[in-house]
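Colleague: Here you go, this is model_21.json (JSON, C-alpha atoms).
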```
[["chain", "number", "residue", "atom", "x", "y", "z"],
["A", 174, "MET", "CA", -15.74, -2.33, -32.00],
["A", 175, "ASP", "CA", -16.01, -5.65, -30.15],
["A", 176, "ASP", "CA", -15.31, -5.76, -26.43],
["A", 177, "ALA", "CA", -11.61, -6.60, -26.09],
["A", 178, "THR", "CA", -12.31, -8.71, -23.03],
["A", 179, "ASP", "CA", -14.31, -11.07, -25.27],
["A", 180, "ALA", "CA", -11.35, -11.59, -27.60],
["A", 181, "PRO", "CA", -9.36, -14.81, -27.28],
["A", 182, "LEU", "CA", -6.02, -14.58, -25.53],
["A", 183, "ALA", "CA", -3.72, -14.22, -28.53],
["A", 184, "ALA", "CA", -0.64, -15.41, -26.70],
["A", 185, "THR", "CA", 2.43, -17.09, -28.06],
["A", 186, "ASP", "CA", 3.04, -20.68, -27.03],
["A", 187, "GLU", "CA", 5.62, -19.45, -24.50],
["A", 188, "GLU", "CA", 3.19, -16.92, -23.05],
["A", 189, "ARG", "CA", 0.46, -19.56, -22.73],
["A", 190, "ARG", "CA", 2.95, -21.87, -21.01],
["A", 191, "ARG", "CA", 3.83, -19.16, -18.48],
["A", 192, "ILE", "CA", 0.18, -18.50, -17.70],
["A", 193, "ILE", "CA", -0.62, -22.22, -17.41],
["A", 194, "ASN", "CA", 2.38, -22.74, -15.10],
["A", 195, "ARG", "CA", 1.18, -19.91, -12.85],
["A", 196, "LEU", "CA", -2.31, -21.42, -12.76],
["A", 197, "LYS", "CA", -0.90, -24.87, -11.95],
["A", 198, "ARG", "CA", 1.03, -23.40, -9.01],
["A", 199, "LEU", "CA", -2.18, -21.73, -7.89],
["A", 200, "GLU", "CA", -4.01, -25.04, -8.22],
["A", 201, "GLY", "CA", -1.40, -26.55, -5.89],
["A", 202, "GLN", "CA", -1.94, -23.72, -3.41],
["A", 203, "ILE", "CA", -5.69, -24.38, -3.42],
["A", 204, "ARG", "CA", -5.14, -28.10, -2.84],
["A", 205, "GLY", "CA", -2.82, -27.18, 0.02],
["A", 206, "LEU", "CA", -5.56, -25.01, 1.50],
["A", 207, "GLN", "CA", -7.99, -27.91, 1.33],
["A", 208, "THR", "CA", -5.46, -30.09, 3.16],
["A", 209, "MET", "CA", -4.90, -27.41, 5.78],
["A", 210, "ILE", "CA", -8.61, -27.16, 6.49],
["A", 211, "GLU", "CA", -9.07, -30.93, 6.54],
["A", 212, "SER", "CA", -6.22, -31.29, 9.03],
["A", 213, "GLY", "CA", -7.55, -28.53, 11.28],
["A", 214, "LYS", "CA", -4.81, -25.91, 10.86],
["A", 215, "ASP", "CA", -5.33, -22.67, 12.75],
["A", 216, "CYS", "CA", -7.33, -19.85, 11.19],
["A", 217, "GLU", "CA", -4.40, -17.46, 10.83],
["A", 218, "ALA", "CA", -2.35, -19.98, 8.84],
["A", 219, "VAL", "CA", -5.31, -20.76, 6.58],
["A", 220, "LEU", "CA", -6.09, -17.08, 6.04],
["A", 221, "THR", "CA", -2.46, -16.36, 5.23],
["A", 222, "GLN", "CA", -2.55, -19.02, 2.51],
["A", 223, "ILE", "CA", -5.88, -17.70, 1.21],
["A", 224, "MET", "CA", -4.32, -14.25, 0.87],
["A", 225, "ALA", "CA", -1.34, -15.76, -0.96],
["A", 226, "ALA", "CA", -3.61, -17.65, -3.36],
["A", 227, "LYS", "CA", -5.74, -14.57, -3.99],
["A", 228, "SER", "CA", -2.62, -12.54, -4.67],
["A", 229, "ALA", "CA", -1.31, -15.20, -7.07],
["A", 230, "LEU", "CA", -4.61, -15.20, -8.99],
["A", 231, "ASN", "CA", -4.58, -11.39, -9.12],
["A", 232, "GLN", "CA", -1.06, -11.52, -10.54],
["A", 233, "VAL", "CA", -2.22, -13.88, -13.31],
["A", 234, "GLY", "CA", -5.02, -11.45, -14.12],
["A", 235, "LEU", "CA", -2.67, -8.47, -14.17],
["A", 236, "HIS", "CA", -0.25, -10.41, -16.35],
["A", 237, "ILE", "CA", -3.05, -11.12, -18.83],
["A", 238, "ILE", "CA", -4.17, -7.47, -18.76],
["A", 239, "GLY", "CA", -0.60, -6.38, -19.52],
["A", 240, "HIS", "CA", -0.42, -8.88, -22.37],
["A", 241, "SER", "CA", -3.80, -7.69, -23.63],
["A", 242, "MET", "CA", -2.71, -4.08, -23.64],
["A", 243, "LYS", "CA", 0.46, -4.95, -25.54],
["A", 244, "THR", "CA", -1.09, -7.25, -28.13],
["A", 245, "CYS", "CA", -4.84, -7.86, -28.16],
["A", 246, "LEU", "CA", -5.94, -4.22, -28.15],
["A", 247, "VAL", "CA", -3.40, -3.27, -30.78],
["A", 248, "ASP", "CA", -4.47, -6.19, -32.96],
["A", 249, "ASP", "CA", -8.12, -5.10, -32.86],
["A", 250, "GLY", "CA", -7.41, -2.77, -35.75],
["A", 251, "VAL", "CA", -8.06, 0.37, -33.73],
["A", 252, "THR", "CA", -6.34, 3.28, -35.41],
["A", 253, "ASP", "CA", -7.65, 6.05, -33.17],
["A", 254, "ARG", "CA", -5.20, 6.47, -30.27],
["A", 255, "ASP", "CA", -7.87, 7.84, -27.90],
["A", 256, "GLU", "CA", -10.17, 4.91, -28.66],
["A", 257, "LEU", "CA", -7.32, 2.49, -27.97],
["A", 258, "ILE", "CA", -6.52, 4.16, -24.65],
["A", 259, "ASP", "CA", -10.22, 4.20, -23.68],
["A", 260, "GLU", "CA", -10.48, 0.48, -24.44],
["A", 261, "ALA", "CA", -7.33, -0.29, -22.41],
["A", 262, "ILE", "CA", -8.68, 1.69, -19.45],
["A", 263, "LYS", "CA", -12.05, -0.07, -19.73],
["A", 264, "VAL", "CA", -10.40, -3.50, -19.62],
["A", 265, "PHE", "CA", -8.21, -2.51, -16.67],
["A", 266, "LEU", "CA", -11.08, -0.99, -14.67],
["A", 267, "LYS", "CA", -13.34, -3.97, -15.31],
["A", 268, "TYR", "CA", -10.70, -6.31, -13.89],
["A", 269, "SER", "CA", -9.41, -4.06, -11.12],
["A", 270, "SER", "CA", -12.91, -3.54, -9.71],
["A", 271, "CYS", "CA", -12.81, -7.13, -8.39],
["A", 272, "VAL", "CA", -9.22, -6.96, -7.09],
["A", 273, "GLN", "CA", -8.95, -5.90, -3.47]]
```
I need this file expressed as structure tokens, please.

Modeller:
Amino acid sequence: MDDATDAPLAATDEERRRIINRLKRLEGQIRGLQTMIESGKDCEAVLTQIMAAKSALNQVGLHIIGHSMKTCLVDDGVTDRDELIDEAIKVFLKYSSCVQ
């Protein structure tokens, strides 16, 4: 079986729009961080915004994992329930290992 994380995101147009909108908001947050640093904002304010941006990116990742578990893994043609669960856990653990 192919690695599910290598599969394209088989999202509906509405789902893609939601993900893109989240990423655009995150892009704005990153630009805001650049402005904060350029203007010499204090470290605590900058770090607070970094944490918010990191959290927003993690939420996008978790959203995609949830979508993957609902659609992509099921669409892989896996008929063995244990194999499907193992693949879902593998995808989740791979992503969650970088989320802190």

Colleague: Ranking A:Asn231, A:Ser269, A:Arg254, A:Ile262 by minimum distance to Leu196 (chain A) and counting all atoms listed in the file, which one comes first?

Modeller: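 Result for the nearest residue to Leu196 (chain A): A:Asn231.
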
Colleague: In Å, with one decimal, what is the gap from CA of Thr208 (chain A) to CA of Ser228 (chain A)?

Modeller: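 For CA of Thr208 (chain A) relative to CA of Ser228 (chain A), the distance reads 19.4 Å.
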
Colleague: Would you mind reading off the distance between CA of His240 (chain A) and CA of Thr185 (chain A), one decimal, in Å?

Modeller: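 According to the coordinates, CA of His240 (chain A) and CA of Thr185 (chain A) are separated by 10.4 Å.
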
Colleague: Around all listed atoms of region 189-206 of chain A, padded 6 Å per side, what centre and edge lengths does the axis-aligned box have in Å to one decimal, as JSON?

Modeller:
```
{"center_x": -0.9, "center_y": -23.3, "center_z": -10.6, "size_x": 21.5, "size_y": 21.6, "size_z": 36.2}
```

Colleague: Excluding Ala226 (chain A) and residues on its chain fewer than 3 positions from it, collect all residues at most 7 Å away from it, counting all atoms listed in the file, and give them as a list in words.

Modeller: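 Residues near the query, excluding close chain neighbours: Leu199, Gln202, Gln222, Ile223, Ala229 and Leu230 of chain A.
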
Colleague: Which residue, A:Ser241, A:Lys227, A:Ile258, A:Glu187, has the smallest gap to Glu200 (chain A) when you use all atoms listed in the file?

Modeller: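 Nearest to Glu200 (chain A): A:Lys227.
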
Colleague: Which residue out of A:Ile237, A:Val219, A:Cys271, A:Leu266 has the minimum interatomic distance to Arg204 (chain A) when only C-alpha atoms are used?

Modeller: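 Residue with the minimum atom-to-atom distance to Arg204 (chain A): A:Val219.
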
Colleague: Check the smallest atom-to-atom distance from each of A:Asp215, A:Gly205, A:Leu220, A:His236 to Ile193 (chain A) using only C-alpha atoms, then report the winner.

Modeller: A:His236

Colleague: How many Å separate CA of Ile192 (chain A) from CA of Val272 (chain A)?

Modeller: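 These atoms are spaced 18.3 Å apart.
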
Colleague: What would region 231-247 of chain A look like with N, CA and C atoms restored, written as a short mmCIF file (atom, residue, chain, number, x, y, z; two decimals), keeping the file's coordinate frame?

Modeller:
```cif
data_model
loop_
_atom_site.label_atom_id
_atom_site.label_comp_id
_atom_site.auth_asym_id
_atom_site.auth_seq_id
_atom_site.Cartn_x
_atom_site.Cartn_y
_atom_site.Cartn_z
N ASN A 231 -4.60 -12.78 -8.66
CA ASN A 231 -4.58 -11.39 -9.12
C ASN A 231 -3.39 -11.13 -10.04
N GLN A 232 -2.24 -11.70 -9.70
CA GLN A 232 -1.06 -11.52 -10.54
C GLN A 232 -1.24 -12.13 -11.92
N VAL A 233 -1.91 -13.28 -12.00
CA VAL A 233 -2.22 -13.88 -13.31
C VAL A 233 -3.10 -12.92 -14.10
N GLY A 234 -4.13 -12.39 -13.44
CA GLY A 234 -5.02 -11.45 -14.12
C GLY A 234 -4.29 -10.22 -14.60
N LEU A 235 -3.44 -9.65 -13.77
CA LEU A 235 -2.67 -8.47 -14.17
C LEU A 235 -1.71 -8.79 -15.30
N HIS A 236 -1.13 -9.98 -15.27
CA HIS A 236 -0.25 -10.41 -16.35
C HIS A 236 -1.03 -10.46 -17.67
N ILE A 237 -2.23 -11.02 -17.62
CA ILE A 237 -3.05 -11.12 -18.83
C ILE A 237 -3.48 -9.73 -19.30
N ILE A 238 -3.82 -8.84 -18.37
CA ILE A 238 -4.17 -7.47 -18.76
C ILE A 238 -2.99 -6.80 -19.46
N GLY A 239 -1.79 -6.95 -18.89
CA GLY A 239 -0.60 -6.38 -19.52
C GLY A 239 -0.40 -6.93 -20.91
N HIS A 240 -0.55 -8.25 -21.05
CA HIS A 240 -0.42 -8.88 -22.37
C HIS A 240 -1.48 -8.33 -23.31
N SER A 241 -2.70 -8.20 -22.82
CA SER A 241 -3.80 -7.69 -23.63
C SER A 241 -3.51 -6.28 -24.13
N MET A 242 -3.00 -5.45 -23.24
CA MET A 242 -2.71 -4.08 -23.64
C MET A 242 -1.59 -4.01 -24.67
N LYS A 243 -0.66 -4.94 -24.60
CA LYS A 243 0.46 -4.95 -25.54
C LYS A 243 0.07 -5.55 -26.89
N THR A 244 -0.83 -6.52 -26.88
CA THR A 244 -1.09 -7.25 -28.13
C THR A 244 -2.54 -7.23 -28.57
N CYS A 245 -3.45 -7.68 -27.73
CA CYS A 245 -4.84 -7.86 -28.16
C CYS A 245 -5.49 -6.54 -28.59
N LEU A 246 -5.32 -5.49 -27.81
CA LEU A 246 -5.94 -4.22 -28.15
C LEU A 246 -5.35 -3.64 -29.42
N VAL A 247 -4.07 -3.78 -29.59
CA VAL A 247 -3.40 -3.27 -30.78
C VAL A 247 -3.86 -4.04 -32.01
#
```
